[in-house]
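Novice: This structure is in structure tokens; I'll ask about it shortly.
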Amino acid sequence: MLQRTGKPALIGVLSAALGVAAAELLAAATRPAAGPLVAVGGAVIDAAPTPVKEFAVRTLGTNDKPVLLGTIALVLVLFTATVGILSFRRRWTGIAGAAIFGIAGAAAALARPAAELYDAVPSLFGAAIAGLLLYRLSRPSREVVIDRRKFLRAAIVISGGALIAGGAAETVKRVRGGAITKSREAISLPAAADPAKPLPTGIDPGFYSDKLYRVDTALTVPRIDVSTWKLRIHGMVGKEVSLSFDDLLKRPLIERDITLNCVSNEVGGPYVGTARWLGVPLAPLLAELGVDPAADQLVARSIEGMTIGTPVATVNDGRDAMLVVGMNGEPLPLEHGFPVRMLTPGLYGYAGACKWITELELTTFADYDAYWVQRGWGAEGPVKTASRIDKPKPFADIQAGKVTVAGVAWAQGRGIRNVEVRVDDRQWEKADLLPVPSSDTWVQWRYAWQATAGPHTLSVRATDGTGAIQPEQRVTPFPDGATGWHTITATVG
Ligand SMILES: Nc1nc2c(c(=O)[nH]1)N[C@H]1C(S)=C(S)[C@@H](COP(=O)(O)O)O[C@H]1N2
Ligand SMILES: [Mo]
């Protein structure tokens with residue numbers, strides 16, 4: 001039994017591993033985005049129905065990508081083991097299996113938004129290696145399966161080849177990545193012509209996020225060579241331009257504290273954070289180029305093919321929409337969009353904050369749906385008023401007496417006028433608001449609770465700068481942002 005299935009299965013898996021490793025090596029050396037693993041993973045992400053994506057972000061968070069790659073690897077092992085077994089029964093099935101594989105990888109690579117024809121090559125190359133290898137080993141004599149020493153030798157040689165090719169692919173990626181990291185560290189950003197206001201006294205250090213959340217569809221963080229990076233601005237403009245990083249740094253920069261949040265954030269969720277951003281204000285730049293008054297959508301494109309559409313009106317209404325070059329006193333971190341990203345205060349990230357940006361196109365909403373809009377999300381993406389209880393933690397053990405309840409509330413652009421807390425079914429009571437530098441950041445709030453023994457329910461709600469109370473009704477993040485009051489339970493001992 002083992003003779004008939006175990007060895008052929010292992011040969012199938014190992015041949016495929018060698019094929020994938022060879023494809024990854026070729027891609028690493030030529031076009032990293034064309035590697036079959038990233039291409040298939042990316043295509044799965046793009047094709048996943050919205051509820052599945054929401055589920056992945058909600059339950060797996062930042063771990064959604066390792067889980068996805070692990071699942072793909074598992075499917076691959078099962079499939080190639082089967083192909084291995086079949087190919088020792090009918091020889092042509094090895095070639096057929098490898099071909100299915102190669103075509104799937106190539107199709108996935110070509111389906112990615114920023115694909116080029118070449119991107120099909122690494123997958124086809126890897127599949128050819130795996131297919132020929134299987135064909136050769138499953139000769140009618142089947143000596144590899146019958147002769148133990150021949151089997152061991154084949155297994156060792158193929159594994160060795162896969163390890164060497166895989167290791168080489170990793171090394172090439174690391175060397176390339178290291179060079180990008182170095183070039184980032186070598187950048188010295190000019191001071192802002194219009195610096196951020198000094199933080200008001202009394203602000204809590206937690207005002208800036210220790211680590212800003214990360215949400216994107218990129219399986220590997222794009223690594224962009226800043227010396228060749230260009231931002232092309234085109235479409236319905238009087239004058240098209242192509243700007244280098246230095247061109248951007250020569251312009252007067254603004255520095256602002258801004259809270260960014262994700263439309264996929266659940267009530268009480270973690271996908272919101274605040275940082276100090278340095279960038280080129282977009283409105284004057286667009287004004288210089290002369291925007292056609294009929295253009296109502298600004299579409300940002302990133303190096304890996306994301307498209308994010310922003311209403312032109314929100315860029316020109318006086319808010320600090322910018323092309324960001326720096327974050328918290330440093331060049332942008334790679335995972336947050338190095339070298340340049342967009343930021344539009346008051347819009348969710350999917351509608352105004354394209355990372356790894358390479359293109360800005362002036363167009364109309366009638367003519368073009370950006371990535372998330374194609375998947376049913378709202379076209380304009382204004383941030384909804386929200387508030388969150390951070391302390392006490394849900395289900396925390398608390399002593400009776402005075403307990404400080406604390407959290408944040410945000411309504412970028414409109415600002416927060418009031419935050420109220422409700423204990424059990426008592427009256428809503430006002431929380432204290434800490435000072436803020438502007439209406440584009442979250443507000444920290446504190447509430448002194450006289451806690452009595454027993455189980456309690458705490459709720460929070462905010463009123464924005466227009467006087468509108470955050471709606472109580474719970475709605476899901478899809479299609480334009482969650483609403484509802486954040487509620488936690490606390491047991492006082
Ligand atoms: N290129 C690119 N930019 C992107 C995205 C993406 O998937 N790709 N996701 C957007 C979304 S949905 C959000 S919420 C923000 C998150 O920015 P951060 O990861 O820096 O916090 O980036 C936006 N910009
Ligand atoms: Mo998002």
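Ordering of the structure tokens sets the chain letters (A, B, ...), residue numbers begin anew at 1 in every chain, and ligands are numbered from 1 in the order given.
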Show me which residues line ligand 1, defined as having an atom within 6 Å of a ligand atom where only C-alpha atoms and all ligand atoms count, and present them as number ranges by chain.
Specialist: A: 212-217, 261-262, 302, 306, 336, 349-350, 353-356
Novice: Mind writing the picked residues with N, CA and C atoms as a short mmCIF file (atom, residue, chain, number, x, y, z; two decimals), in the first residue's frame?
Specialist:
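Final output, saved to selection_7.cif:
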data_model
loop_
_atom_site.label_atom_id
_atom_site.label_comp_id
_atom_site.auth_asym_id
_atom_site.auth_seq_id
_atom_site.Cartn_x
_atom_site.Cartn_y
_atom_site.Cartn_z
N LEU A 212 0.38 51.77 14.90
CA LEU A 212 -0.84 51.99 14.12
C LEU A 212 -1.30 50.65 13.56
N TYR A 213 -2.60 50.41 13.57
CA TYR A 213 -3.14 49.18 12.98
C TYR A 213 -2.72 49.11 11.51
N ARG A 214 -2.76 47.91 10.94
CA ARG A 214 -2.46 47.77 9.51
C ARG A 214 -3.58 46.98 8.84
N VAL A 215 -4.16 47.55 7.80
CA VAL A 215 -5.15 46.83 7.00
C VAL A 215 -4.84 47.07 5.53
N ASP A 216 -4.58 45.99 4.79
CA ASP A 216 -4.42 46.11 3.34
C ASP A 216 -4.53 44.73 2.71
N THR A 217 -4.55 44.70 1.39
CA THR A 217 -4.69 43.42 0.68
C THR A 217 -3.33 42.89 0.23
N ASN A 261 -8.92 55.64 10.49
CA ASN A 261 -9.64 54.43 10.88
C ASN A 261 -10.17 53.69 9.67
N CYS A 262 -10.45 52.40 9.94
CA CYS A 262 -10.85 51.49 8.86
C CYS A 262 -12.35 51.31 8.88
N SER A 302 -1.87 52.22 -6.49
CA SER A 302 -0.64 51.87 -5.80
C SER A 302 0.17 50.91 -6.64
N MET A 306 -3.75 48.43 -6.02
CA MET A 306 -4.93 48.92 -5.30
C MET A 306 -5.41 50.21 -5.97
N HIS A 336 3.25 51.01 6.15
CA HIS A 336 2.24 52.08 6.11
C HIS A 336 2.33 52.90 4.82
N GLY A 349 -10.03 54.85 5.64
CA GLY A 349 -8.82 54.56 4.87
C GLY A 349 -9.08 54.07 3.46
N TYR A 350 -10.13 53.25 3.28
CA TYR A 350 -10.38 52.66 1.95
C TYR A 350 -10.81 53.72 0.94
N ALA A 353 -6.91 56.92 1.69
CA ALA A 353 -5.58 56.77 2.28
C ALA A 353 -4.72 55.74 1.55
N CYS A 354 -4.67 55.81 0.22
CA CYS A 354 -3.92 54.81 -0.56
C CYS A 354 -2.44 54.79 -0.17
N LYS A 355 -1.94 53.59 0.13
CA LYS A 355 -0.52 53.40 0.47
C LYS A 355 0.26 53.03 -0.79
N TRP A 356 1.58 53.19 -0.73
CA TRP A 356 2.48 52.81 -1.84
C TRP A 356 1.99 53.41 -3.17
#
Novice: Hey, could you make a per-residue contact list for chain A against ligand 2 with 12 Å as the cut-off, showing the nearest pair of atoms and its distance in Å to one decimal, counting only C-alpha atoms and all ligand atoms, sorted by chain and number, as JSON lines?
Specialist:
{"residue": "A:Lys53", "atom": "CA", "partner": "ligand 2", "partner_atom_place_in_ligand_line": "1 (Mo)", "distance": 11.5}
{"residue": "A:Glu54", "atom": "CA", "partner": "ligand 2", "partner_atom_place_in_ligand_line": "1 (Mo)", "distance": 10.6}
{"residue": "A:Val57", "atom": "CA", "partner": "ligand 2", "partner_atom_place_in_ligand_line": "1 (Mo)", "distance": 9.9}
{"residue": "A:Arg58", "atom": "CA", "partner": "ligand 2", "partner_atom_place_in_ligand_line": "1 (Mo)", "distance": 11.9}
{"residue": "A:Gly61", "atom": "CA", "partner": "ligand 2", "partner_atom_place_in_ligand_line": "1 (Mo)", "distance": 11.9}
{"residue": "A:Tyr213", "atom": "CA", "partner": "ligand 2", "partner_atom_place_in_ligand_line": "1 (Mo)", "distance": 9.9}
{"residue": "A:Arg214", "atom": "CA", "partner": "ligand 2", "partner_atom_place_in_ligand_line": "1 (Mo)", "distance": 8.6}
{"residue": "A:Val215", "atom": "CA", "partner": "ligand 2", "partner_atom_place_in_ligand_line": "1 (Mo)", "distance": 5.9}
{"residue": "A:Asp216", "atom": "CA", "partner": "ligand 2", "partner_atom_place_in_ligand_line": "1 (Mo)", "distance": 7.2}
{"residue": "A:Thr217", "atom": "CA", "partner": "ligand 2", "partner_atom_place_in_ligand_line": "1 (Mo)", "distance": 9.9}
{"residue": "A:Leu260", "atom": "CA", "partner": "ligand 2", "partner_atom_place_in_ligand_line": "1 (Mo)", "distance": 9.2}
{"residue": "A:Asn261", "atom": "CA", "partner": "ligand 2", "partner_atom_place_in_ligand_line": "1 (Mo)", "distance": 6.7}
{"residue": "A:Cys262", "atom": "CA", "partner": "ligand 2", "partner_atom_place_in_ligand_line": "1 (Mo)", "distance": 3.5}
{"residue": "A:Val263", "atom": "CA", "partner": "ligand 2", "partner_atom_place_in_ligand_line": "1 (Mo)", "distance": 4.9}
{"residue": "A:Ser264", "atom": "CA", "partner": "ligand 2", "partner_atom_place_in_ligand_line": "1 (Mo)", "distance": 5.7}
{"residue": "A:Asn265", "atom": "CA", "partner": "ligand 2", "partner_atom_place_in_ligand_line": "1 (Mo)", "distance": 7.7}
{"residue": "A:Glu266", "atom": "CA", "partner": "ligand 2", "partner_atom_place_in_ligand_line": "1 (Mo)", "distance": 11.3}
{"residue": "A:Pro270", "atom": "CA", "partner": "ligand 2", "partner_atom_place_in_ligand_line": "1 (Mo)", "distance": 11.5}
{"residue": "A:Tyr271", "atom": "CA", "partner": "ligand 2", "partner_atom_place_in_ligand_line": "1 (Mo)", "distance": 7.9}
{"residue": "A:Val272", "atom": "CA", "partner": "ligand 2", "partner_atom_place_in_ligand_line": "1 (Mo)", "distance": 9.4}
{"residue": "A:Gly273", "atom": "CA", "partner": "ligand 2", "partner_atom_place_in_ligand_line": "1 (Mo)", "distance": 11.9}
{"residue": "A:Ile308", "atom": "CA", "partner": "ligand 2", "partner_atom_place_in_ligand_line": "1 (Mo)", "distance": 10.7}
{"residue": "A:Leu347", "atom": "CA", "partner": "ligand 2", "partner_atom_place_in_ligand_line": "1 (Mo)", "distance": 10.0}
{"residue": "A:Tyr348", "atom": "CA", "partner": "ligand 2", "partner_atom_place_in_ligand_line": "1 (Mo)", "distance": 6.3}
{"residue": "A:Gly349", "atom": "CA", "partner": "ligand 2", "partner_atom_place_in_ligand_line": "1 (Mo)", "distance": 4.8}
{"residue": "A:Tyr350", "atom": "CA", "partner": "ligand 2", "partner_atom_place_in_ligand_line": "1 (Mo)", "distance": 4.7}
{"residue": "A:Ala351", "atom": "CA", "partner": "ligand 2", "partner_atom_place_in_ligand_line": "1 (Mo)", "distance": 8.1}
{"residue": "A:Gly352", "atom": "CA", "partner": "ligand 2", "partner_atom_place_in_ligand_line": "1 (Mo)", "distance": 9.6}
{"residue": "A:Ala353", "atom": "CA", "partner": "ligand 2", "partner_atom_place_in_ligand_line": "1 (Mo)", "distance": 8.8}
{"residue": "A:Cys354", "atom": "CA", "partner": "ligand 2", "partner_atom_place_in_ligand_line": "1 (Mo)", "distance": 10.0}
{"residue": "A:Lys355", "atom": "CA", "partner": "ligand 2", "partner_atom_place_in_ligand_line": "1 (Mo)", "distance": 11.3}
{"residue": "A:Tyr371", "atom": "CA", "partner": "ligand 2", "partner_atom_place_in_ligand_line": "1 (Mo)", "distance": 11.8}
{"residue": "A:Trp372", "atom": "CA", "partner": "ligand 2", "partner_atom_place_in_ligand_line": "1 (Mo)", "distance": 9.5}
{"residue": "A:Trp377", "atom": "CA", "partner": "ligand 2", "partner_atom_place_in_ligand_line": "1 (Mo)", "distance": 10.7}
{"residue": "A:Gly381", "atom": "CA", "partner": "ligand 2", "partner_atom_place_in_ligand_line": "1 (Mo)", "distance": 10.0}
{"residue": "A:Val383", "atom": "CA", "partner": "ligand 2", "partner_atom_place_in_ligand_line": "1 (Mo)", "distance": 11.1}
{"residue": "A:Pro477", "atom": "CA", "partner": "ligand 2", "partner_atom_place_in_ligand_line": "1 (Mo)", "distance": 10.1}
{"residue": "A:Phe478", "atom": "CA", "partner": "ligand 2", "partner_atom_place_in_ligand_line": "1 (Mo)", "distance": 11.1}
{"residue": "A:Pro479", "atom": "CA", "partner": "ligand 2", "partner_atom_place_in_ligand_line": "1 (Mo)", "distance": 11.6}
{"residue": "A:Asp480", "atom": "CA", "partner": "ligand 2", "partner_atom_place_in_ligand_line": "1 (Mo)", "distance": 10.5}
{"residue": "A:Gly481", "atom": "CA", "partner": "ligand 2", "partner_atom_place_in_ligand_line": "1 (Mo)", "distance": 9.7}
Novice: For A:Ala370, find every residue with an atom within 8 Å (counting only C-alpha atoms), except residues of its own chain fewer than 4 positions away, and show them as a list in words.
Specialist: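 My reading of the contact set: Val299, Thr307, Ile308, Gly309 and Gln374 of chain A.
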Novice: Which of these residues is nearest to A:Val144, using only C-alpha atoms: A:Gly102, A:Gly337, A:Gly177, A:Pro8?
Specialist: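 Closest residue, counting only C-alpha atoms: A:Pro8.
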Novice: Give me the residues within 12 Å of A:Val157 as number ranges by chain, counting only C-alpha atoms and dropping any in the same chain fewer than 3 places off.
Specialist: A: 11, 14-15, 18, 133, 150-154, 160-164
Novice: Measure the distance from atom CA of A:Ile129 to atom CA of A:Arg176 in Å and round it to one decimal.
Specialist: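 Value for the atom CA of A:Ile129-atom CA of A:Arg176 distance: 25.7 Å.
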Novice: Within 7 Å of stretch 450-464 of chain A, counting only C-alpha atoms, which residues qualify if same-chain residues fewer than 5 places away don't, as a ChimeraX atom specification?
Specialist: /A:385-389,400-403,409,411,414-424,469-470,485-493
Novice: Here is a test: counting only C-alpha atoms, which residue of A:Gly465, A:Val291, A:Gly206, A:Leu134 is nearest to A:Ile158?
Specialist: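 Distance minimum relative to A:Ile158 lands on A:Leu134.
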Novice: Contacts of A:Leu332 at 10 Å or less, counting only C-alpha atoms, minus same-chain residues fewer than 5 places along, as a PyMOL selection string?
Specialist: chain A and resi 184+277-278+324-327+337-341+355-356
Novice: Might you pull out every residue within 8 Å of A:Ile233, with only C-alpha atoms counted and same-chain residues fewer than 6 positions away left off, and present them as a PyMOL selection string?
Specialist: chain A and resi 240-242+359-362
Novice: Would you mind exporting all heavy atoms of the selected residues as a tab-separated table (two decimals), in the first residue's frame?
Specialist:
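Generated file (again_28.tsv):
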chain	number	residue	atom	x	y	z
A	240	GLU	N	-0.47	67.35	-17.19
A	240	GLU	CA	-0.06	66.11	-16.52
A	240	GLU	C	1.35	66.28	-16.00
A	240	GLU	O	2.16	66.94	-16.63
A	240	GLU	CB	-0.10	64.94	-17.52
A	240	GLU	CG	-1.48	64.66	-18.06
A	240	GLU	CD	-1.55	63.31	-18.75
A	240	GLU	OE1	-0.51	62.64	-18.87
A	240	GLU	OE2	-2.67	62.93	-19.15
A	241	VAL	N	1.64	65.66	-14.86
A	241	VAL	CA	3.01	65.71	-14.35
A	241	VAL	C	3.43	64.35	-13.83
A	241	VAL	O	2.60	63.47	-13.58
A	241	VAL	CB	3.19	66.71	-13.18
A	241	VAL	CG1	3.22	68.14	-13.66
A	241	VAL	CG2	2.17	66.48	-12.10
A	242	SER	N	4.73	64.21	-13.66
A	242	SER	CA	5.30	63.03	-13.04
A	242	SER	C	6.30	63.56	-12.01
A	242	SER	O	7.30	64.17	-12.38
A	242	SER	CB	5.97	62.19	-14.13
A	242	SER	OG	6.32	60.96	-13.61
A	359	GLU	N	0.19	56.72	-8.61
A	359	GLU	CA	-0.59	57.40	-9.64
A	359	GLU	C	-1.78	58.10	-9.03
A	359	GLU	O	-2.41	57.58	-8.10
A	359	GLU	CB	-1.15	56.32	-10.58
A	359	GLU	CG	-0.91	56.54	-12.05
A	359	GLU	CD	-1.61	55.46	-12.85
A	359	GLU	OE1	-2.78	55.63	-13.18
A	359	GLU	OE2	-0.95	54.43	-13.10
A	360	LEU	N	-2.09	59.27	-9.56
A	360	LEU	CA	-3.34	59.95	-9.20
A	360	LEU	C	-4.04	60.29	-10.51
A	360	LEU	O	-3.45	60.94	-11.37
A	360	LEU	CB	-3.05	61.25	-8.45
A	360	LEU	CG	-2.73	61.19	-6.97
A	360	LEU	CD1	-2.39	62.57	-6.45
A	360	LEU	CD2	-3.90	60.59	-6.19
A	361	GLU	N	-5.28	59.84	-10.64
A	361	GLU	CA	-6.01	60.14	-11.86
A	361	GLU	C	-7.28	60.91	-11.53
A	361	GLU	O	-8.08	60.50	-10.69
A	361	GLU	CB	-6.39	58.84	-12.60
A	361	GLU	CG	-7.08	59.11	-13.91
A	361	GLU	CD	-7.57	57.85	-14.63
A	361	GLU	OE1	-7.36	56.74	-14.10
A	361	GLU	OE2	-8.15	57.99	-15.71
A	362	LEU	N	-7.45	62.06	-12.22
A	362	LEU	CA	-8.68	62.83	-12.07
A	362	LEU	C	-9.71	62.25	-13.02
A	362	LEU	O	-9.47	62.17	-14.23
A	362	LEU	CB	-8.43	64.30	-12.40
A	362	LEU	CG	-7.89	65.21	-11.28
A	362	LEU	CD1	-8.83	65.19	-10.07
A	362	LEU	CD2	-6.49	64.84	-10.86
Novice: Where does DSSP see strand (DSSP E) in stretch 249-424 of chain A, if you list the residues as number ranges by chain?
Specialist: A: 254-261, 272-281, 297-302, 307-311, 322-327, 330-331, 341-343, 357-363, 386-391, 397-398, 401-410, 416-423
Novice: From stretch 186-383 of chain A, collect each residue whose DSSP state is alpha helix (DSSP H) and return the set as number ranges by chain.
Specialist: A: 245-250, 282-289, 312-316, 349-352, 371-374
Novice: For those residues, write N, CA and C atoms to a file as a CSV table (one decimal), in the first residue's frame.
Specialist:
chain,number,residue,atom,x,y,z
A,245,PHE,N,10.3,61.8,-5.7
A,245,PHE,CA,10.2,62.0,-4.2
A,245,PHE,C,10.8,63.4,-3.9
A,246,ASP,N,12.0,63.7,-4.5
A,246,ASP,CA,12.6,65.0,-4.3
A,246,ASP,C,11.7,66.2,-4.7
A,247,ASP,N,11.0,66.0,-5.8
A,247,ASP,CA,10.0,67.1,-6.2
A,247,ASP,C,9.0,67.3,-5.1
A,248,LEU,N,8.6,66.3,-4.4
A,248,LEU,CA,7.6,66.4,-3.4
A,248,LEU,C,8.2,67.2,-2.2
A,249,LEU,N,9.5,66.7,-1.8
A,249,LEU,CA,10.1,67.3,-0.7
A,249,LEU,C,10.5,68.8,-0.9
A,250,LYS,N,10.5,69.2,-2.1
A,250,LYS,CA,10.8,70.7,-2.4
A,250,LYS,C,9.6,71.5,-2.1
A,282,LEU,N,-2.6,68.5,-0.8
A,282,LEU,CA,-3.0,68.1,-2.2
A,282,LEU,C,-3.7,69.2,-2.9
A,283,ALA,N,-4.5,70.0,-2.2
A,283,ALA,CA,-5.3,71.0,-2.9
A,283,ALA,C,-4.5,72.0,-3.7
A,284,PRO,N,-3.4,72.6,-3.2
A,284,PRO,CA,-2.7,73.6,-4.0
A,284,PRO,C,-2.0,72.9,-5.1
A,285,LEU,N,-1.5,71.6,-4.9
A,285,LEU,CA,-0.9,70.9,-6.0
A,285,LEU,C,-1.8,70.7,-7.2
A,286,LEU,N,-3.0,70.2,-6.9
A,286,LEU,CA,-4.0,70.0,-7.9
A,286,LEU,C,-4.4,71.3,-8.6
A,287,ALA,N,-4.5,72.4,-7.8
A,287,ALA,CA,-4.9,73.7,-8.3
A,287,ALA,C,-3.8,74.2,-9.4
A,288,GLU,N,-2.6,73.9,-9.1
A,288,GLU,CA,-1.5,74.3,-10.1
A,288,GLU,C,-1.7,73.6,-11.4
A,289,LEU,N,-2.2,72.3,-11.3
A,289,LEU,CA,-2.3,71.5,-12.5
A,289,LEU,C,-3.6,71.9,-13.3
A,312,VAL,N,-13.2,64.6,-5.1
A,312,VAL,CA,-12.3,65.8,-5.3
A,312,VAL,C,-12.8,66.9,-4.3
A,313,ALA,N,-14.1,66.9,-4.1
A,313,ALA,CA,-14.6,67.9,-3.2
A,313,ALA,C,-14.0,67.9,-1.8
A,314,THR,N,-13.7,66.6,-1.3
A,314,THR,CA,-13.1,66.5,0.0
A,314,THR,C,-11.7,67.0,0.1
A,315,VAL,N,-11.0,66.9,-1.1
A,315,VAL,CA,-9.6,67.4,-1.1
A,315,VAL,C,-9.6,68.9,-1.1
A,316,ASN,N,-10.6,69.5,-1.7
A,316,ASN,CA,-10.6,70.9,-1.9
A,316,ASN,C,-11.4,71.7,-0.9
A,349,GLY,N,-10.0,54.8,5.6
A,349,GLY,CA,-8.8,54.6,4.9
A,349,GLY,C,-9.1,54.1,3.5
A,350,TYR,N,-10.1,53.3,3.3
A,350,TYR,CA,-10.4,52.7,1.9
A,350,TYR,C,-10.8,53.7,0.9
A,351,ALA,N,-11.2,54.9,1.4
A,351,ALA,CA,-11.7,56.0,0.5
A,351,ALA,C,-10.7,57.2,0.4
A,352,GLY,N,-9.6,57.1,1.2
A,352,GLY,CA,-8.8,58.3,1.1
A,352,GLY,C,-7.4,58.2,1.5
A,371,TYR,N,-11.5,49.8,-6.3
A,371,TYR,CA,-11.4,48.4,-5.8
A,371,TYR,C,-12.6,48.1,-4.9
A,372,TRP,N,-12.7,48.8,-3.8
A,372,TRP,CA,-13.7,48.5,-2.8
A,372,TRP,C,-15.1,48.8,-3.2
A,373,VAL,N,-15.3,49.8,-4.1
A,373,VAL,CA,-16.6,50.2,-4.6
A,373,VAL,C,-17.1,49.0,-5.6
A,374,GLN,N,-16.1,48.5,-6.3
A,374,GLN,CA,-16.5,47.3,-7.2
A,374,GLN,C,-17.0,46.2,-6.3
Novice: Smallest atom-to-atom distance to A:Ala39: which of A:Ala107, A:Leu25, A:Leu74, A:Val67, using only C-alpha atoms?
Specialist: A:Ala107
Novice: Closest to A:Gly202 among A:Gln444, A:Ser227, A:Thr364, A:Thr310, using only C-alpha atoms?
Specialist: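 So, comparing all the options, the nearest one is A:Gln444.
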Novice: What is the atom CA of A:Ala168 to atom CA of A:Ala120 distance in Å?
Specialist: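 Atom-to-atom, atom CA of A:Ala168 to atom CA of A:Ala120, that is 20.5 Å.
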Novice: Calculate how many Å separate atom CA of A:Gln473 from atom CA of A:Thr274, rounding to one decimal.
Specialist: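 Separation between atom CA of A:Gln473 and atom CA of A:Thr274: 26.2 Å.
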